[in-house]
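One file, data-v4.cif, carrying mmCIF, C-alpha atoms:
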```cif
data_model
loop_
_atom_site.label_atom_id
_atom_site.label_comp_id
_atom_site.auth_asym_id
_atom_site.auth_seq_id
_atom_site.Cartn_x
_atom_site.Cartn_y
_atom_site.Cartn_z
CA MET A 1 -13.10 76.28 -105.93
CA THR A 2 -10.28 73.79 -105.41
CA GLU A 3 -10.53 70.69 -107.56
CA ILE A 4 -10.18 67.47 -105.61
CA LEU A 5 -8.32 64.78 -107.46
CA ILE A 6 -9.16 61.18 -106.61
CA ASP A 7 -6.75 58.48 -107.69
CA THR A 8 -8.55 55.66 -109.46
CA PRO A 9 -7.02 52.24 -108.73
CA THR A 10 -5.43 50.57 -111.72
CA ALA A 11 -6.61 47.19 -112.98
CA TYR A 12 -3.60 45.62 -111.27
CA GLU A 13 -4.30 47.33 -107.94
CA ARG A 14 -7.94 46.25 -108.04
CA ALA A 15 -6.95 42.68 -108.85
CA ALA A 16 -4.27 42.57 -106.16
CA ALA A 17 -6.69 43.86 -103.53
CA LYS A 18 -9.17 41.15 -104.54
CA TYR A 19 -6.79 38.20 -104.69
CA ARG A 20 -4.26 38.79 -101.91
CA PRO A 21 -6.70 37.92 -99.10
CA VAL A 22 -7.37 34.64 -100.93
CA PHE A 23 -3.63 33.97 -101.19
CA GLU A 24 -3.33 34.51 -97.43
CA ARG A 25 -6.10 32.00 -96.74
CA ILE A 26 -4.39 29.51 -99.04
CA ALA A 27 -1.01 29.99 -97.36
CA ALA A 28 -2.50 29.40 -93.91
CA GLY A 29 -3.22 25.75 -94.71
CA THR A 30 -0.35 24.88 -97.05
CA LEU A 31 1.74 23.01 -94.48
CA GLY A 32 -1.24 20.94 -93.32
CA ARG A 33 -2.18 19.99 -96.89
CA GLU A 34 1.40 18.96 -97.59
CA LEU A 35 1.57 16.74 -94.51
CA ALA A 36 -1.82 15.14 -95.20
CA ARG A 37 -1.38 15.02 -98.99
CA GLU A 38 -4.69 16.81 -99.35
CA LEU A 39 -5.45 18.10 -102.83
CA PRO A 40 -6.40 21.81 -102.84
CA PHE A 41 -9.96 21.45 -104.13
CA GLU A 42 -11.31 24.00 -101.68
CA GLN A 43 -8.48 26.47 -102.25
CA ILE A 44 -8.82 26.35 -106.03
CA GLY A 45 -12.52 26.85 -105.43
CA TRP A 46 -11.75 30.10 -103.59
CA LEU A 47 -9.73 31.31 -106.56
CA ARG A 48 -12.50 30.25 -108.93
CA GLU A 49 -15.06 32.24 -106.95
CA ALA A 50 -12.79 35.28 -106.84
CA GLY A 51 -12.34 35.18 -110.63
CA PHE A 52 -8.62 34.42 -110.69
CA GLY A 53 -8.93 32.21 -113.75
CA ALA A 54 -10.06 35.29 -115.70
CA ALA A 55 -7.25 37.61 -114.64
CA ARG A 56 -5.97 37.86 -118.24
CA ILE A 57 -9.42 38.22 -119.80
CA PRO A 58 -10.48 41.77 -120.78
CA ALA A 59 -12.96 43.57 -118.54
CA GLU A 60 -15.57 43.61 -121.33
CA PHE A 61 -15.91 39.83 -120.88
CA GLY A 62 -15.82 39.95 -117.08
CA GLY A 63 -12.08 39.56 -116.38
CA ASP A 64 -9.39 41.76 -114.85
CA GLY A 65 -7.62 42.64 -118.10
CA LEU A 66 -4.10 42.12 -116.73
CA ASP A 67 -1.07 41.85 -118.96
CA TRP A 68 1.47 39.09 -118.38
CA VAL A 69 3.82 41.19 -116.25
CA GLU A 70 0.98 42.16 -113.91
CA PHE A 71 -0.44 38.65 -113.82
CA THR A 72 2.99 37.13 -113.21
CA ASP A 73 3.51 39.37 -110.20
CA LEU A 74 0.34 37.94 -108.65
CA LEU A 75 1.11 34.38 -109.77
CA ILE A 76 4.44 34.49 -107.93
CA GLU A 77 2.61 35.54 -104.77
CA LEU A 78 0.24 32.62 -105.23
CA ALA A 79 3.16 30.25 -105.82
CA ALA A 80 4.80 31.49 -102.60
CA ALA A 81 1.54 30.68 -100.79
CA ASP A 82 1.26 27.21 -102.39
CA SER A 83 3.49 26.25 -105.31
CA ASN A 84 1.16 23.44 -106.38
CA ILE A 85 -1.71 25.69 -107.37
CA PRO A 86 -0.19 27.76 -110.22
CA GLN A 87 1.08 24.54 -111.78
CA ALA A 88 -2.35 22.95 -111.37
CA LEU A 89 -3.82 25.90 -113.30
CA ARG A 90 -1.15 25.89 -116.01
CA GLY A 91 -3.34 24.21 -118.61
CA HIS A 92 -6.13 26.66 -117.83
CA PHE A 93 -3.90 29.68 -118.39
CA ALA A 94 -2.77 28.21 -121.72
CA LEU A 95 -6.32 27.62 -122.96
CA VAL A 96 -7.32 31.13 -121.90
CA GLU A 97 -4.35 32.49 -123.83
CA ASP A 98 -5.27 30.48 -126.91
CA SER A 99 -8.77 31.99 -126.77
CA LEU A 100 -7.38 35.51 -126.34
CA TYR A 101 -4.90 35.03 -129.18
CA HIS A 102 -7.53 33.92 -131.69
CA HIS A 103 -10.48 36.06 -130.62
CA GLY A 104 -11.23 38.74 -133.19
CA ARG A 105 -8.69 37.36 -135.64
CA GLY A 106 -11.08 35.37 -137.77
CA ALA A 107 -12.50 33.57 -134.75
CA ASP A 108 -15.08 34.33 -132.08
CA ARG A 109 -13.92 32.96 -128.74
CA SER A 110 -16.21 35.20 -126.68
CA GLY A 111 -18.16 32.15 -125.49
CA TRP A 112 -15.06 30.61 -123.97
CA LEU A 113 -13.88 33.91 -122.53
CA ARG A 114 -17.23 34.37 -120.78
CA ARG A 115 -17.16 30.78 -119.49
CA PHE A 116 -13.76 31.38 -117.95
CA ALA A 117 -14.88 34.72 -116.53
CA ALA A 118 -17.82 32.90 -114.93
CA GLY A 119 -15.34 30.69 -113.07
CA GLU A 120 -15.03 27.63 -115.28
CA LEU A 121 -11.55 26.10 -115.31
CA ALA A 122 -9.60 23.89 -117.70
CA GLY A 123 -6.98 21.22 -117.24
CA ASN A 124 -4.80 19.58 -119.87
CA ALA A 125 -4.32 16.10 -121.27
CA TRP A 126 -1.40 16.11 -123.68
CA THR A 127 1.21 13.65 -122.48
CA GLU A 128 1.01 9.92 -123.12
CA PRO A 129 3.39 6.96 -123.26
CA GLY A 130 2.39 5.81 -126.72
CA ALA A 131 5.06 4.56 -129.09
CA GLY A 132 5.52 6.52 -132.29
CA GLY A 133 3.40 9.55 -131.41
CA THR A 134 -0.06 10.44 -130.22
CA ALA A 135 -2.21 7.37 -129.67
CA THR A 136 -5.36 9.15 -128.47
CA VAL A 137 -7.83 9.13 -131.37
CA LEU A 138 -10.77 11.35 -132.29
CA ALA A 139 -13.01 9.21 -134.45
CA GLU A 140 -16.30 9.69 -136.30
CA THR A 141 -19.04 7.23 -135.38
CA GLN A 142 -22.75 6.98 -136.10
CA GLU A 143 -23.35 8.74 -132.77
CA GLY A 144 -20.89 11.51 -133.61
CA LEU A 145 -17.29 12.30 -132.65
CA VAL A 146 -15.79 10.24 -129.83
CA LEU A 147 -12.43 10.37 -128.07
CA ALA A 148 -10.46 7.31 -127.00
CA GLY A 149 -7.06 7.20 -125.32
CA ARG A 150 -5.05 7.38 -122.13
CA LYS A 151 -3.10 10.41 -120.91
CA PHE A 152 -0.85 10.97 -117.94
CA TYR A 153 0.53 14.14 -116.31
CA THR A 154 -2.95 15.59 -116.88
CA THR A 155 -2.14 18.44 -114.52
CA GLY A 156 -5.09 20.28 -113.02
CA THR A 157 -7.74 18.21 -114.78
CA ILE A 158 -9.03 16.75 -111.54
CA PHE A 159 -9.99 20.30 -110.44
CA ALA A 160 -11.34 21.42 -113.81
CA ASP A 161 -14.57 21.71 -115.80
CA TRP A 162 -12.91 21.28 -119.20
CA ILE A 163 -9.92 19.38 -120.57
CA ASP A 164 -7.62 20.62 -123.33
CA VAL A 165 -6.71 17.35 -125.11
CA THR A 166 -4.33 16.57 -127.96
CA ALA A 167 -5.44 13.79 -130.26
CA LYS A 168 -5.21 12.60 -133.84
CA ARG A 169 -7.83 11.79 -136.40
CA PRO A 170 -7.76 8.40 -138.16
CA ASP A 171 -5.95 10.10 -141.05
CA GLY A 172 -3.14 11.07 -138.65
CA SER A 173 -3.81 14.82 -138.50
CA GLN A 174 -3.24 16.37 -135.07
CA VAL A 175 -6.11 18.18 -133.35
CA SER A 176 -6.86 19.97 -130.11
CA VAL A 177 -10.09 18.89 -128.44
CA ILE A 178 -11.88 20.62 -125.57
CA ILE A 179 -14.06 18.18 -123.67
CA SER A 180 -16.06 18.43 -120.45
CA THR A 181 -14.70 16.61 -117.41
CA ARG A 182 -18.29 15.51 -116.80
CA ALA A 183 -18.71 13.88 -120.21
CA ALA A 184 -19.49 10.16 -120.30
CA GLY A 185 -16.35 8.09 -120.75
CA VAL A 186 -14.00 10.53 -119.00
CA GLU A 187 -12.18 9.32 -115.87
CA THR A 188 -9.41 11.14 -113.99
CA TYR A 189 -7.26 9.61 -111.25
CA ASP A 190 -5.03 11.13 -108.60
CA ASP A 191 -2.14 8.72 -109.17
CA TRP A 192 0.79 11.16 -109.44
CA ASP A 193 3.47 9.81 -107.08
CA GLY A 194 6.32 12.32 -107.44
CA PHE A 195 8.24 13.38 -104.35
CA GLY A 196 7.48 17.06 -105.01
CA GLN A 197 4.60 19.17 -106.31
CA ARG A 198 2.45 16.34 -105.00
CA LEU A 199 -0.79 18.30 -104.95
CA THR A 200 -0.97 19.49 -108.55
CA GLY A 201 -3.47 16.86 -109.64
CA SER A 202 -1.02 15.54 -112.24
CA GLY A 203 -2.59 12.13 -112.58
CA THR A 204 -4.01 9.94 -115.34
CA THR A 205 -7.06 10.68 -117.47
CA ILE A 206 -8.72 8.01 -119.61
CA PHE A 207 -11.14 8.63 -122.47
CA THR A 208 -13.36 5.72 -123.43
CA GLY A 209 -15.61 6.66 -126.32
CA ALA A 210 -16.14 10.10 -124.77
CA PRO A 211 -18.49 12.26 -126.90
CA VAL A 212 -17.01 15.45 -128.38
CA ASP A 213 -18.86 18.50 -129.73
CA PRO A 214 -17.49 19.25 -133.23
CA VAL A 215 -17.34 22.98 -132.45
CA ASN A 216 -14.71 22.18 -129.81
CA VAL A 217 -12.26 20.58 -132.23
CA PHE A 218 -9.39 22.68 -133.63
CA ALA A 219 -6.36 22.00 -135.81
CA PHE A 220 -3.34 21.67 -133.56
CA THR A 221 -1.31 23.76 -135.98
CA ASP A 222 -3.57 26.72 -135.12
CA ARG A 223 -2.46 26.84 -131.48
CA PHE A 224 -1.02 30.16 -130.34
CA PRO A 225 2.64 30.07 -131.33
CA TYR A 226 4.28 31.01 -128.02
CA GLN A 227 2.51 28.29 -126.04
CA THR A 228 5.69 26.38 -125.14
CA ALA A 229 7.22 29.55 -123.69
CA LEU A 230 4.02 30.17 -121.74
CA TYR A 231 3.87 26.64 -120.35
CA GLN A 232 7.50 26.96 -119.26
CA HIS A 233 6.84 30.41 -117.87
CA VAL A 234 4.33 29.06 -115.37
CA LEU A 235 7.02 26.69 -114.10
CA LEU A 236 9.37 29.67 -113.76
CA VAL A 237 6.64 31.32 -111.68
CA VAL A 238 6.46 28.19 -109.54
CA LEU A 239 10.22 28.29 -108.98
CA ALA A 240 10.16 32.00 -108.16
CA GLY A 241 7.35 31.43 -105.66
CA ILE A 242 9.18 28.53 -104.03
CA ALA A 243 12.26 30.71 -103.63
CA GLN A 244 10.18 33.43 -101.98
CA ALA A 245 8.58 30.89 -99.64
CA ALA A 246 12.05 29.63 -98.72
CA VAL A 247 13.10 33.19 -97.85
CA GLU A 248 10.05 33.67 -95.66
CA ASP A 249 10.50 30.35 -93.86
CA ALA A 250 14.22 30.92 -93.36
CA GLY A 251 13.56 34.39 -91.94
CA THR A 252 10.87 33.13 -89.58
CA GLN A 253 12.85 30.12 -88.37
CA VAL A 254 16.02 32.10 -87.76
CA ARG A 255 14.17 34.94 -86.05
CA GLU A 256 12.42 32.57 -83.65
CA ARG A 257 15.33 30.20 -82.98
CA LYS A 258 16.59 30.20 -79.36
CA ARG A 259 19.15 27.40 -79.38
CA VAL A 260 22.65 28.36 -80.45
CA PHE A 261 25.93 26.59 -81.08
CA GLY A 262 28.76 27.32 -78.69
CA HIS A 263 31.10 28.00 -81.59
CA GLY A 264 28.65 30.41 -83.26
CA ASN A 265 29.09 34.16 -83.53
CA ALA A 266 26.31 35.67 -81.39
CA PRO A 267 24.12 34.99 -78.35
CA LEU A 268 21.10 34.79 -80.66
CA VAL A 269 21.01 33.12 -84.05
CA ARG A 270 19.18 36.12 -85.50
CA HIS A 271 22.29 38.23 -84.85
CA ASP A 272 24.88 35.72 -86.13
CA PRO A 273 26.52 37.31 -89.20
CA GLN A 274 27.20 33.97 -90.88
CA ILE A 275 23.57 32.94 -90.54
CA LEU A 276 22.44 36.34 -91.82
CA GLN A 277 24.69 35.85 -94.83
CA VAL A 278 22.98 32.54 -95.61
CA VAL A 279 19.53 34.12 -95.45
CA GLY A 280 20.74 37.04 -97.53
CA GLU A 281 22.00 34.70 -100.23
CA ILE A 282 18.64 32.88 -100.31
CA SER A 283 16.91 36.25 -100.64
CA ALA A 284 19.23 37.29 -103.46
CA LYS A 285 18.46 34.10 -105.38
CA ALA A 286 14.72 34.65 -104.88
CA TYR A 287 15.17 38.18 -106.25
CA VAL A 288 16.88 36.85 -109.36
CA ALA A 289 14.18 34.20 -109.83
CA ARG A 290 11.40 36.78 -109.62
CA SER A 291 13.24 39.17 -111.95
CA ALA A 292 13.78 36.42 -114.51
CA ALA A 293 10.12 35.41 -114.43
CA LEU A 294 9.00 39.02 -114.89
CA SER A 295 11.39 39.42 -117.80
CA VAL A 296 9.90 36.38 -119.52
CA ALA A 297 6.43 37.76 -118.79
CA SER A 298 7.39 40.90 -120.67
CA SER A 299 8.42 38.80 -123.67
CA LEU A 300 5.03 37.05 -123.57
CA ASP A 301 3.31 40.44 -123.64
CA ARG A 302 5.35 41.38 -126.71
CA ALA A 303 4.52 38.08 -128.41
CA PHE A 304 0.82 38.61 -127.72
CA ALA A 305 0.94 42.16 -129.08
CA ALA A 306 2.87 41.04 -132.17
CA ARG A 307 -0.04 38.87 -133.32
CA GLU A 308 -1.60 42.04 -134.72
CA GLN A 309 1.37 42.57 -137.05
CA GLY A 310 2.09 38.96 -137.93
CA GLY A 311 4.86 37.97 -140.31
CA ALA A 312 8.47 38.59 -139.41
CA VAL A 313 7.57 40.81 -136.44
CA GLU A 314 5.47 38.11 -134.80
CA LYS A 315 8.03 35.41 -135.57
CA ALA A 316 10.82 37.44 -133.98
CA ALA A 317 8.69 38.06 -130.87
CA ASN A 318 7.91 34.35 -130.56
CA ILE A 319 11.58 33.41 -130.89
CA ALA A 320 12.48 35.97 -128.23
CA ALA A 321 9.85 34.56 -125.86
CA GLU A 322 11.04 30.99 -126.38
CA LEU A 323 14.71 31.88 -125.92
CA GLY A 324 13.93 34.02 -122.88
CA SER A 325 12.04 31.24 -121.16
CA ALA A 326 14.83 28.77 -122.02
CA ARG A 327 17.53 31.04 -120.61
CA ALA A 328 15.58 31.63 -117.41
CA GLN A 329 14.86 27.93 -117.06
CA THR A 330 18.54 27.07 -117.48
CA VAL A 331 19.47 29.34 -114.57
CA LEU A 332 16.52 28.88 -112.21
CA SER A 333 16.52 25.08 -112.47
CA THR A 334 19.68 25.00 -110.36
CA LEU A 335 19.47 28.36 -108.59
CA VAL A 336 16.15 27.78 -106.83
CA PRO A 337 16.82 24.22 -105.59
CA ASP A 338 20.13 25.57 -104.22
CA ALA A 339 18.27 28.36 -102.43
CA ALA A 340 15.67 25.94 -101.05
CA GLY A 341 18.34 23.57 -99.77
CA ALA A 342 20.31 26.39 -98.16
CA VAL A 343 17.51 26.95 -95.64
CA PHE A 344 18.99 24.10 -93.59
CA ASN A 345 22.41 25.81 -93.50
CA ALA A 346 20.85 28.54 -91.37
CA LEU A 347 19.22 26.15 -88.89
CA GLY A 348 19.96 23.15 -86.71
CA ALA A 349 19.02 19.51 -87.00
CA SER A 350 15.55 20.25 -85.61
CA SER A 351 14.75 21.95 -88.91
CA THR A 352 14.63 18.52 -90.55
CA SER A 353 11.55 17.60 -88.52
CA ALA A 354 8.97 16.06 -90.82
CA GLY A 355 6.33 18.15 -89.08
CA LYS A 356 7.91 21.36 -90.38
CA ALA A 357 8.18 19.99 -93.94
CA LEU A 358 10.88 22.54 -94.79
CA ASP A 359 12.19 19.97 -97.25
CA ARG A 360 9.11 20.58 -99.39
CA HIS A 361 10.71 23.68 -100.87
CA TRP A 362 13.65 21.69 -102.25
CA ARG A 363 11.44 18.76 -103.32
CA ASN A 364 9.00 21.06 -105.07
CA ALA A 365 11.74 23.09 -106.76
CA ARG A 366 13.60 20.01 -107.93
CA THR A 367 10.41 18.49 -109.28
CA ALA A 368 9.45 21.64 -111.20
CA ALA A 369 12.99 21.84 -112.55
CA THR A 370 12.79 18.33 -114.05
CA HIS A 371 10.12 19.41 -116.54
CA ASN A 372 11.52 19.86 -120.06
CA PRO A 373 15.16 19.15 -119.15
CA PHE A 374 17.06 22.41 -118.96
CA ILE A 375 20.19 20.82 -120.43
CA TYR A 376 18.36 20.65 -123.75
CA LYS A 377 17.18 24.25 -123.40
CA ALA A 378 20.77 25.37 -122.76
CA ARG A 379 21.85 23.61 -125.95
CA ILE A 380 19.03 25.24 -127.92
CA VAL A 381 20.07 28.69 -126.67
CA GLY A 382 23.69 27.93 -127.51
CA ASP A 383 22.72 26.80 -131.00
CA TRP A 384 20.92 30.11 -131.48
CA GLU A 385 23.86 32.16 -130.25
CA VAL A 386 26.43 30.29 -132.35
CA ASN A 387 24.51 29.19 -135.44
CA GLY A 388 21.35 31.29 -135.47
CA ALA A 389 19.27 28.09 -135.28
CA GLU A 390 15.64 28.80 -134.42
CA PRO A 391 14.35 27.12 -131.26
CA PRO A 392 11.73 24.39 -131.62
CA PHE A 393 8.29 25.63 -130.65
CA ILE A 394 6.63 22.21 -130.49
CA TRP A 395 8.40 19.04 -129.50
CA GLY A 396 7.50 15.61 -128.22
CA VAL A 397 8.27 13.27 -125.36
CA GLY A 398 7.54 9.57 -125.02
CA GLU A 399 8.48 6.26 -126.56
CA ALA A 400 9.17 6.95 -130.21
CA ASP A 401 10.14 4.70 -133.10
CA GLN A 402 12.17 7.55 -134.56
CA PRO A 403 13.73 10.61 -132.89
CA GLY A 404 11.13 13.37 -132.58
CA ALA A 405 8.24 11.05 -133.45
CA ALA A 406 6.41 11.47 -130.17
CA GLY A 407 3.33 13.66 -130.20
CA PRO A 408 3.11 17.31 -129.17
CA GLN A 409 3.46 18.05 -125.49
CA PRO A 410 3.07 21.13 -123.29
CA GLY A 411 6.30 22.98 -122.58
#
```

As structure tokens, what does this structure read like?
Amino acid sequence: MTEILIDTPTAYERAAAKYRPVFERIAAGTLGRELARELPFEQIGWLREAGFGAARIPAEFGGDGLDWVEFTDLLIELAAADSNIPQALRGHFALVEDSLYHHGRGADRSGWLRRFAAGELAGNAWTEPGAGGTATVLAETQEGLVLAGRKFYTTGTIFADWIDVTAKRPDGSQVSVIISTRAAGVETYDDWDGFGQRLTGSGTTIFTGAPVDPVNVFAFTDRFPYQTALYQHVLLVVLAGIAQAAVEDAGTQVRERKRVFGHGNAPLVRHDPQILQVVGEISAKAYVARSAALSVASSLDRAFAAREQGGAVEKAANIAAELGSARAQTVLSTLVPDAAGAVFNALGASSTSAGKALDRHWRNARTAATHNPFIYKARIVGDWEVNGAEPPFIWGVGEADQPGAAGPQPG
């Protein structure tokens, strides 16, 4: 009797089959949301229902069990559909990773893993304009722990169930606090006014005596060590997705264009070799962006695996992840905006119509590239190459009395 072999889909193939139809639905309305400045509440809801927030969580807790290379491949597809959404979920991915990193290593994070697998999402609230460091305070009162402070760039919080907050105790020690978005004294505003990535929900969140459960307070020094590389990685994903979207729009616009210039090279634009060269160069830059993001994803997988060994092995893996993300950021921060702007070189003046919003690719890429200035990352990489200086894993931004005095921020 002949044995019939049946190929069993891999975890990645099952996840891709589940999420790609959602990505297609998201992409169908991206232009309209951009023109109307409509936050993607419904679209993030589709991802929530499909379980996308648990893609990294092991199957035993209800997730897809993807590694970072597999997850990055899907994240780039999502970013090509709508670049705002991966950035809006950046804080969520970081809090999931922190739970995965600590679970089973002296901590039980199964409760959080199951919450995320059930569709609950997290945002972040790290950045603030306070002088001299973190001004948000976690204080003990007769009623219990309460949080007070003001944060901005609280990306994704407006869509979330939980907020990952940095704060300090009255004694000055830094803590991470996880608080419900529905807690009394928590208010989030959609007041982000950047010219790009306008739909990420990167507004202000204010805490006014908001109650905090003591079990959701952690020492900031216990955060997973490659978090800055991970935060930056999601922005690399955003840039890679924008580049892919630029390729797709350039291809479609050139293919459908009927008007030609009399001094062009072909009766149809789609056959003009100079125009094809422009589109080919955009495609090549998108290829490099995707390859760079996948390379950094591989370094994140190695950093995650190295937690089991600890010591020098883990430290080396964390340094490699940080340097890899910095190198990729240094290149993609100029490469992708160039690719996005080149779309107009392949088209006529009609391509600048506000109704087409083709400028959104450049605006979004340039906005993502302003995070964590890449000129500093280039210097850090150079200092490593020349002097063997370790990269900083946690750094601050804000008004500071002394250099480096500002509180911890996401990468």

- prompt: Could you write out as a count of residues only the residues that the PyMOL selection byres ((chain A and resi 198) around 10) matches in the shown file?
  reply: 22

- prompt: Could you state the separation of atom CA of Ile394 of chain A and atom CA of Val177 of chain A in Å, given to one decimal place?
  reply: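 Going from atom CA of Ile394 of chain A over to atom CA of Val177 of chain A, I get 17.2 Å.
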
- request: In the coordinate frame of the file, compute which residues have an atom within 12 Å of (-6.1, 31.9, -132.4) when using only C-alpha atoms, and state them as a ChimeraX atom specification.
  value: /A:94-109,218-227,304,307-308

message: Could you check the closest approach to Ala250 of chain A for each of A:Arg327, A:Arg366, A:Arg48, A:Lys356 and tell me which residue wins, using all atoms listed in the file?
response: A:Lys356

Contacts of Lys18 of chain A at 12 Å (only C-alpha atoms; same-chain gap of 2+ positions) as a ChimeraX atom specification: /A:11-16,20-24,46-47,49-52,55,64,74

message: Since I can't run it myself right now, could you work out what the PyMOL selection byres ((chain A and resi 271) around 12) selects here and report it as a VMD selection string?
response: chain A and resid 251 254 to 258 260 264 to 270 272 to 277 279 346

message: Calculated over only C-alpha atoms, which of the candidates A:Gln244, A:Gln142, A:Gln309, A:Thr252 has the smallest distance to Val288 of chain A?
response: A:Gln244

message: To one decimal place in Å, what is the distance between atom CA of Gly262 of chain A and atom CA of Ala349 of chain A?
response: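 Those two atoms sit 15.0 Å apart.
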
- request: Identify the residues within 12 Å of coordinate (13.2, 23.0, -121.5) (same frame as the file), considering all atoms listed in the file, and give the answer as a VMD selection string.
  value: chain A and resid 228 to 233 235 to 236 322 to 333 368 to 381 391 to 397 409 to 411

May I have the residues from that selection written out with C-alpha atoms, as an mmCIF file, in the coordinates of the input?
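Final output, saved to out-v6.cif:
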```
data_model
loop_
_atom_site.group_PDB
_atom_site.id
_atom_site.type_symbol
_atom_site.label_atom_id
_atom_site.label_comp_id
_atom_site.auth_asym_id
_atom_site.auth_seq_id
_atom_site.Cartn_x
_atom_site.Cartn_y
_atom_site.Cartn_z
ATOM 1 C CA THR A 228 5.690 26.380 -125.140
ATOM 2 C CA ALA A 229 7.220 29.550 -123.690
ATOM 3 C CA LEU A 230 4.020 30.170 -121.740
ATOM 4 C CA TYR A 231 3.870 26.640 -120.350
ATOM 5 C CA GLN A 232 7.500 26.960 -119.260
ATOM 6 C CA HIS A 233 6.840 30.410 -117.870
ATOM 7 C CA LEU A 235 7.020 26.690 -114.100
ATOM 8 C CA LEU A 236 9.370 29.670 -113.760
ATOM 9 C CA GLU A 322 11.040 30.990 -126.380
ATOM 10 C CA LEU A 323 14.710 31.880 -125.920
ATOM 11 C CA GLY A 324 13.930 34.020 -122.880
ATOM 12 C CA SER A 325 12.040 31.240 -121.160
ATOM 13 C CA ALA A 326 14.830 28.770 -122.020
ATOM 14 C CA ARG A 327 17.530 31.040 -120.610
ATOM 15 C CA ALA A 328 15.580 31.630 -117.410
ATOM 16 C CA GLN A 329 14.860 27.930 -117.060
ATOM 17 C CA THR A 330 18.540 27.070 -117.480
ATOM 18 C CA VAL A 331 19.470 29.340 -114.570
ATOM 19 C CA LEU A 332 16.520 28.880 -112.210
ATOM 20 C CA SER A 333 16.520 25.080 -112.470
ATOM 21 C CA ALA A 368 9.450 21.640 -111.200
ATOM 22 C CA ALA A 369 12.990 21.840 -112.550
ATOM 23 C CA THR A 370 12.790 18.330 -114.050
ATOM 24 C CA HIS A 371 10.120 19.410 -116.540
ATOM 25 C CA ASN A 372 11.520 19.860 -120.060
ATOM 26 C CA PRO A 373 15.160 19.150 -119.150
ATOM 27 C CA PHE A 374 17.060 22.410 -118.960
ATOM 28 C CA ILE A 375 20.190 20.820 -120.430
ATOM 29 C CA TYR A 376 18.360 20.650 -123.750
ATOM 30 C CA LYS A 377 17.180 24.250 -123.400
ATOM 31 C CA ALA A 378 20.770 25.370 -122.760
ATOM 32 C CA ARG A 379 21.850 23.610 -125.950
ATOM 33 C CA ILE A 380 19.030 25.240 -127.920
ATOM 34 C CA VAL A 381 20.070 28.690 -126.670
ATOM 35 C CA PRO A 391 14.350 27.120 -131.260
ATOM 36 C CA PRO A 392 11.730 24.390 -131.620
ATOM 37 C CA PHE A 393 8.290 25.630 -130.650
ATOM 38 C CA ILE A 394 6.630 22.210 -130.490
ATOM 39 C CA TRP A 395 8.400 19.040 -129.500
ATOM 40 C CA GLY A 396 7.500 15.610 -128.220
ATOM 41 C CA VAL A 397 8.270 13.270 -125.360
ATOM 42 C CA GLN A 409 3.460 18.050 -125.490
ATOM 43 C CA PRO A 410 3.070 21.130 -123.290
ATOM 44 C CA GLY A 411 6.300 22.980 -122.580
#
```

Residue with smallest distance to Gly32 of chain A - pool A:Ile319, A:Val234, A:Asp82, A:Ala292, counting all atoms listed in the file: A:Asp82

- request: Would you kindly return, as an NGL selection string, each protein, DNA or RNA residue with an atom no farther than 9 Å from any atom of Asp67 of chain A, considering only C-alpha atoms and excluding same-chain residues fewer than 3 positions away?
  value: :A and (12 or 55-56 or 70-72 or 297-298 or 301)

Distance query Ile85 of chain A at most 9 Å, all atoms listed in the file, self and fewer than 5 positions along chain excluded, as a short mmCIF file (atom, residue, chain, number, x, y, z; two decimals) with C-alpha atoms, keeping the file's coordinate frame:
```cif
data_model
loop_
_atom_site.label_atom_id
_atom_site.label_comp_id
_atom_site.auth_asym_id
_atom_site.auth_seq_id
_atom_site.Cartn_x
_atom_site.Cartn_y
_atom_site.Cartn_z
CA PRO A 40 -6.40 21.81 -102.84
CA GLN A 43 -8.48 26.47 -102.25
CA ILE A 44 -8.82 26.35 -106.03
CA LEU A 78 0.24 32.62 -105.23
CA ALA A 79 3.16 30.25 -105.82
CA ARG A 90 -1.15 25.89 -116.01
CA GLY A 156 -5.09 20.28 -113.02
CA LEU A 199 -0.79 18.30 -104.95
CA THR A 200 -0.97 19.49 -108.55
CA VAL A 238 6.46 28.19 -109.54
#
```

query: Taking into account all atoms listed in the file, which residue in the set A:Ala317, A:Ala245, A:Ala28, A:Val386 is nearest to His361 of chain A?
result: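 Result for the nearest residue to His361 of chain A: A:Ala245.
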